[in-house]
Amino acid sequence: MSDEIAENGTANGDVPEIELIIKASTIDGRRKGACLFCQEYFMDLYLLAELKTISLKVTTVDMQKPPPDFRTNFEATHPPILIDNGLAILENEKIERHIMKSVPGGHNLFVQDKEVASLIENLYSKLKLVLVRKDEQKSAALRAHLGRIDALLERRGTRFLTGDTMCCFDCELMPRLQHIRVAGKYFVDFEIPTSFRALWRYMYHMYQLDAFTQSCPADQDIINHYKLQQALKMKKHEELETPTFTTSIPIDVNDLNNTE
């Protein structure tokens with residue numbers, strides 16, 4: 001259909017193969033795009049493929065020029081789209097429910113934690129307000145929200161949001177944190193304060209994981225995602241740039257490890 005960018009797990013018939021169709025880059029139409037839900041489900045399924053409960057195939061589709069077979073099969077539907085044994089699941093909530101209830105091992109990713117759920121659900125809307133309004137009041141609200149996440153991580157002392165193993169909430173939060181880092185810095189010079197040590201420790205651990213690095217879009221694709229929303233065009237030299245991925249930590253890693 002389009003470009004296959006990742007395959008994880010064995011395809012020998014012992015485990016079911018799950019295909020995830022995600023949006024391609026709006027710059028080159030081939031590499032991973034900056035769709036948050038696409039990355040979230042990519043991470044969920046990658047973790048299951050690492051556990052060898054499934055085999056995962058990830059395919060990108062250029063939604064600016066979708067191939068004929070995609071239009072035939074899915075009409076105007078936008079990715080993410082999950083295909084399990086010939087069954088296509090098209091809506092985000094249904095994809096989430098299918099991973100939880102029907103994909104082998106998926107139920108283990110979905111833990112109940114009302115505090116975490118309520119803490120991360122409105123984070124992304126605050127980023128969008130910052131990018132639209134571009135004023136300090138909105139930036140302060142985003143900073144305060146990140147501070148509450150930092151405080152939760154500090155209080156719990158766990159590697160991830162709900163414990164020392166990843167769950168669905170981590171797959172939801174980390175892509176949003178990456179967009180905040182990259183787009184926030186580019187458009188309004190917003191930076192996550194270095195004083196949020198527990199949050200930076202969390203991000204450091206996430207940056208070590210294949211589930212994140214294999215699913216993460218390039219900085220340029222995150223930036224272009226928001227340029228398109230603001231009807232801005234990429235400069236030619238930006239389109240030709242070699243993709244970069246911001247995964248550095250602005251504070252000493254050894255210092256972070258010593259605080260665990």
# chains A, B, ... in the order shown; residues from 1 in each chain; ligands from 1

call {"tool": "residues_around", "arguments": {"residues": "segment 25-37 of chain A", "least_positions_apart": "3", "cutoff": "6 Å", "atoms": "only C-alpha atoms", "output": "ChimeraX atom specification"}}
result
/A:40,62,217,221-222

call {"tool": "residues_around", "arguments": {"residues": "Gly157 of chain A", "least_positions_apart": "6", "cutoff": "12 Å", "atoms": "only C-alpha atoms", "output": "VMD selection string"}}
result
chain A and resid 150 to 151 163 to 164 197 to 199 201 to 202 259 to 260

call {"tool": "write_last_selection", "arguments": {"atoms": "all heavy atoms", "output": "PDB file, in the first residue's frame"}}
result
ATOM      1  N   ASP A 150       5.396  16.393  37.233  1.00  0.00           N
ATOM      2  CA  ASP A 150       6.690  16.252  37.908  1.00  0.00           C
ATOM      3  C   ASP A 150       6.496  15.885  39.377  1.00  0.00           C
ATOM      4  O   ASP A 150       7.170  15.000  39.906  1.00  0.00           O
ATOM      5  CB  ASP A 150       7.480  17.560  37.776  1.00  0.00           C
ATOM      6  CG  ASP A 150       8.784  17.534  38.544  1.00  0.00           C
ATOM      7  OD1 ASP A 150       9.710  16.817  38.126  1.00  0.00           O
ATOM      8  OD2 ASP A 150       8.875  18.232  39.578  1.00  0.00           O
ATOM      9  N   ALA A 151       5.551  16.563  40.022  1.00  0.00           N
ATOM     10  CA  ALA A 151       5.304  16.305  41.450  1.00  0.00           C
ATOM     11  C   ALA A 151       4.794  14.887  41.678  1.00  0.00           C
ATOM     12  O   ALA A 151       5.175  14.220  42.650  1.00  0.00           O
ATOM     13  CB  ALA A 151       4.306  17.328  41.990  1.00  0.00           C
ATOM     14  N   GLY A 163       4.265   2.716  37.773  1.00  0.00           N
ATOM     15  CA  GLY A 163       5.117   1.683  38.370  1.00  0.00           C
ATOM     16  C   GLY A 163       6.432   1.607  37.627  1.00  0.00           C
ATOM     17  O   GLY A 163       6.843   2.550  36.947  1.00  0.00           O
ATOM     18  N   ASP A 164       7.067   0.468  37.696  1.00  0.00           N
ATOM     19  CA  ASP A 164       8.369   0.300  37.048  1.00  0.00           C
ATOM     20  C   ASP A 164       8.280  -0.413  35.708  1.00  0.00           C
ATOM     21  O   ASP A 164       9.297  -0.778  35.111  1.00  0.00           O
ATOM     22  CB  ASP A 164       9.333  -0.433  37.990  1.00  0.00           C
ATOM     23  CG  ASP A 164       9.745   0.470  39.160  1.00  0.00           C
ATOM     24  OD1 ASP A 164       9.894   1.688  38.932  1.00  0.00           O
ATOM     25  OD2 ASP A 164       9.879  -0.034  40.292  1.00  0.00           O
ATOM     26  N   ARG A 197      12.969  17.837  37.882  1.00  0.00           N
ATOM     27  CA  ARG A 197      13.950  16.759  37.798  1.00  0.00           C
ATOM     28  C   ARG A 197      13.302  15.385  37.630  1.00  0.00           C
ATOM     29  O   ARG A 197      13.802  14.534  36.885  1.00  0.00           O
ATOM     30  CB  ARG A 197      14.850  16.776  39.039  1.00  0.00           C
ATOM     31  CG  ARG A 197      15.600  18.101  39.202  1.00  0.00           C
ATOM     32  CD  ARG A 197      16.545  18.073  40.377  1.00  0.00           C
ATOM     33  NE  ARG A 197      17.593  17.073  40.183  1.00  0.00           N
ATOM     34  CZ  ARG A 197      18.629  17.241  39.386  1.00  0.00           C
ATOM     35  NH1 ARG A 197      18.765  18.350  38.690  1.00  0.00           N
ATOM     36  NH2 ARG A 197      19.534  16.298  39.264  1.00  0.00           N
ATOM     37  N   ALA A 198      12.194  15.158  38.319  1.00  0.00           N
ATOM     38  CA  ALA A 198      11.525  13.850  38.198  1.00  0.00           C
ATOM     39  C   ALA A 198      10.973  13.665  36.783  1.00  0.00           C
ATOM     40  O   ALA A 198      11.011  12.561  36.228  1.00  0.00           O
ATOM     41  CB  ALA A 198      10.416  13.732  39.235  1.00  0.00           C
ATOM     42  N   LEU A 199      10.472  14.740  36.198  1.00  0.00           N
ATOM     43  CA  LEU A 199       9.945  14.659  34.827  1.00  0.00           C
ATOM     44  C   LEU A 199      11.070  14.399  33.833  1.00  0.00           C
ATOM     45  O   LEU A 199      10.934  13.576  32.923  1.00  0.00           O
ATOM     46  CB  LEU A 199       9.212  15.958  34.479  1.00  0.00           C
ATOM     47  CG  LEU A 199       8.560  16.015  33.087  1.00  0.00           C
ATOM     48  CD1 LEU A 199       7.564  14.874  32.900  1.00  0.00           C
ATOM     49  CD2 LEU A 199       7.876  17.361  32.875  1.00  0.00           C
ATOM     50  N   ARG A 201      13.891  12.911  34.527  1.00  0.00           N
ATOM     51  CA  ARG A 201      14.336  11.529  34.765  1.00  0.00           C
ATOM     52  C   ARG A 201      13.410  10.560  34.024  1.00  0.00           C
ATOM     53  O   ARG A 201      13.871   9.598  33.404  1.00  0.00           O
ATOM     54  CB  ARG A 201      14.334  11.230  36.267  1.00  0.00           C
ATOM     55  CG  ARG A 201      14.913   9.855  36.621  1.00  0.00           C
ATOM     56  CD  ARG A 201      15.121   9.716  38.115  1.00  0.00           C
ATOM     57  NE  ARG A 201      13.878   9.715  38.856  1.00  0.00           N
ATOM     58  CZ  ARG A 201      13.576  10.548  39.849  1.00  0.00           C
ATOM     59  NH1 ARG A 201      14.425  11.492  40.202  1.00  0.00           N
ATOM     60  NH2 ARG A 201      12.422  10.463  40.482  1.00  0.00           N
ATOM     61  N   TYR A 202      12.111  10.843  34.081  1.00  0.00           N
ATOM     62  CA  TYR A 202      11.117  10.025  33.366  1.00  0.00           C
ATOM     63  C   TYR A 202      11.399  10.058  31.860  1.00  0.00           C
ATOM     64  O   TYR A 202      11.445   9.009  31.197  1.00  0.00           O
ATOM     65  CB  TYR A 202       9.727  10.576  33.663  1.00  0.00           C
ATOM     66  CG  TYR A 202       8.611   9.980  32.845  1.00  0.00           C
ATOM     67  CD1 TYR A 202       8.045   8.764  33.191  1.00  0.00           C
ATOM     68  CD2 TYR A 202       8.111  10.650  31.725  1.00  0.00           C
ATOM     69  CE1 TYR A 202       7.010   8.214  32.442  1.00  0.00           C
ATOM     70  CE2 TYR A 202       7.082  10.116  30.974  1.00  0.00           C
ATOM     71  CZ  TYR A 202       6.533   8.898  31.334  1.00  0.00           C
ATOM     72  OH  TYR A 202       5.523   8.366  30.593  1.00  0.00           O
ATOM     73  N   THR A 259      19.645  10.353  41.905  1.00  0.00           N
ATOM     74  CA  THR A 259      18.473  10.778  42.662  1.00  0.00           C
ATOM     75  C   THR A 259      17.389   9.701  42.683  1.00  0.00           C
ATOM     76  O   THR A 259      16.351   9.873  43.269  1.00  0.00           O
ATOM     77  CB  THR A 259      17.875  12.062  42.071  1.00  0.00           C
ATOM     78  OG1 THR A 259      17.470  11.816  40.728  1.00  0.00           O
ATOM     79  CG2 THR A 259      18.889  13.206  42.125  1.00  0.00           C
ATOM     80  N   GLU A 260      17.635   8.588  42.000  1.00  0.00           N
ATOM     81  CA  GLU A 260      16.601   7.538  41.964  1.00  0.00           C
ATOM     82  C   GLU A 260      16.494   6.814  43.307  1.00  0.00           C
ATOM     83  O   GLU A 260      17.472   6.623  43.983  1.00  0.00           O
ATOM     84  CB  GLU A 260      16.933   6.530  40.869  1.00  0.00           C
ATOM     85  CG  GLU A 260      16.714   7.126  39.478  1.00  0.00           C
ATOM     86  CD  GLU A 260      16.888   6.105  38.385  1.00  0.00           C
ATOM     87  OE1 GLU A 260      17.389   4.982  38.676  1.00  0.00           O
ATOM     88  OE2 GLU A 260      16.502   6.384  37.268  1.00  0.00           O
TER      89      GLU A 260
END

call {"tool": "closest_residue", "arguments": {"among": "A:Ile89, A:Pro66, A:Phe187, A:Ile149", "to": "Leu232 of chain A", "atoms": "only C-alpha atoms"}}
result
A:Phe187

call {"tool": "closest_atom_pairs", "arguments": {"of": "segment 216-255 of chain A", "to": "segment 118-128 of chain A", "cutoff": "12 Å", "atoms": "only C-alpha atoms", "output": "CSV"}}
result
residue,atom,partner,partner_atom,distance
A:His225,CA,A:Lys128,CA,11.8
A:Tyr226,CA,A:Lys128,CA,9.1
A:Gln229,CA,A:Lys128,CA,10.2
A:Gln230,CA,A:Lys128,CA,10.9

call {"tool": "atom_distance", "arguments": {"atom1": "atom CA of Ile223 of chain A", "atom2": "atom CA of His179 of chain A"}}
result
8.4 Å

call {"tool": "select_by_dssp", "arguments": {"residues": "segment 6-247 of chain A", "states": "strand (DSSP E)", "output": "list in words"}}
result
Ala6, Glu7, Asn8, Glu17, Ile18, Glu19, Leu20, Ile21, Ile22, Lys23, Ser55, Leu56, Lys57, Val58, Thr59, Thr60, Val61, Ile81, Leu82, Ile83, Asp84, Leu87, Ala88 and Ile89 of chain A

call {"tool": "residues_around", "arguments": {"residues": "Ile54 of chain A", "least_positions_apart": "2", "cutoff": "7 Å", "atoms": "only C-alpha atoms", "output": "list in words"}}
result
Gly9, Val15, Pro16, Glu17, Ile18, Leu48, Ala49, Lys52, Leu56 and Pro104 of chain A

call {"tool": "write_last_selection", "arguments": {"atoms": "C-alpha atoms", "output": "JSON list (two decimals), in the first residue's frame"}}
result
[["chain", "number", "residue", "atom", "x", "y", "z"],
["A", 9, "GLY", "CA", 8.25, -9.91, 16.27],
["A", 15, "VAL", "CA", 1.60, -15.35, 16.98],
["A", 16, "PRO", "CA", -0.97, -13.17, 15.23],
["A", 17, "GLU", "CA", 0.26, -10.43, 12.92],
["A", 18, "ILE", "CA", -1.15, -6.99, 13.62],
["A", 48, "LEU", "CA", 3.49, -6.35, 22.85],
["A", 49, "ALA", "CA", 5.68, -7.35, 19.90],
["A", 52, "LYS", "CA", 6.33, -11.80, 21.42],
["A", 56, "LEU", "CA", 3.78, -6.08, 14.31],
["A", 104, "PRO", "CA", -2.89, -10.96, 23.06]]

call {"tool": "residues_around", "arguments": {"residues": "Ile95 of chain A", "least_positions_apart": "4", "cutoff": "12 Å", "atoms": "only C-alpha atoms", "output": "VMD selection string"}}
result
chain A and resid 18 to 21 37 to 38 40 to 42 44 to 45 79 to 84 87 to 91 99 to 103 106

call {"tool": "residues_around", "arguments": {"residues": "Ser195 of chain A", "least_positions_apart": "6", "cutoff": "12 Å", "atoms": "only C-alpha atoms", "output": "ChimeraX atom specification"}}
result
/A:143,146-147,150-151,154,201,250-251,256

call {"tool": "write_last_selection", "arguments": {"atoms": "C-alpha atoms", "output": "short mmCIF file (atom, residue, chain, number, x, y, z; two decimals), in the first residue's frame"}}
result
data_model
loop_
_atom_site.label_atom_id
_atom_site.label_comp_id
_atom_site.auth_asym_id
_atom_site.auth_seq_id
_atom_site.Cartn_x
_atom_site.Cartn_y
_atom_site.Cartn_z
CA ARG A 143 4.36 24.92 32.80
CA LEU A 146 3.96 19.87 33.73
CA GLY A 147 4.88 20.76 37.30
CA ASP A 150 6.69 16.25 37.91
CA ALA A 151 5.30 16.31 41.45
CA GLU A 154 8.60 12.69 42.45
CA ARG A 201 14.34 11.53 34.76
CA PRO A 250 19.46 19.30 29.65
CA ILE A 251 20.70 18.12 33.04
CA LEU A 256 19.60 12.01 37.61
#
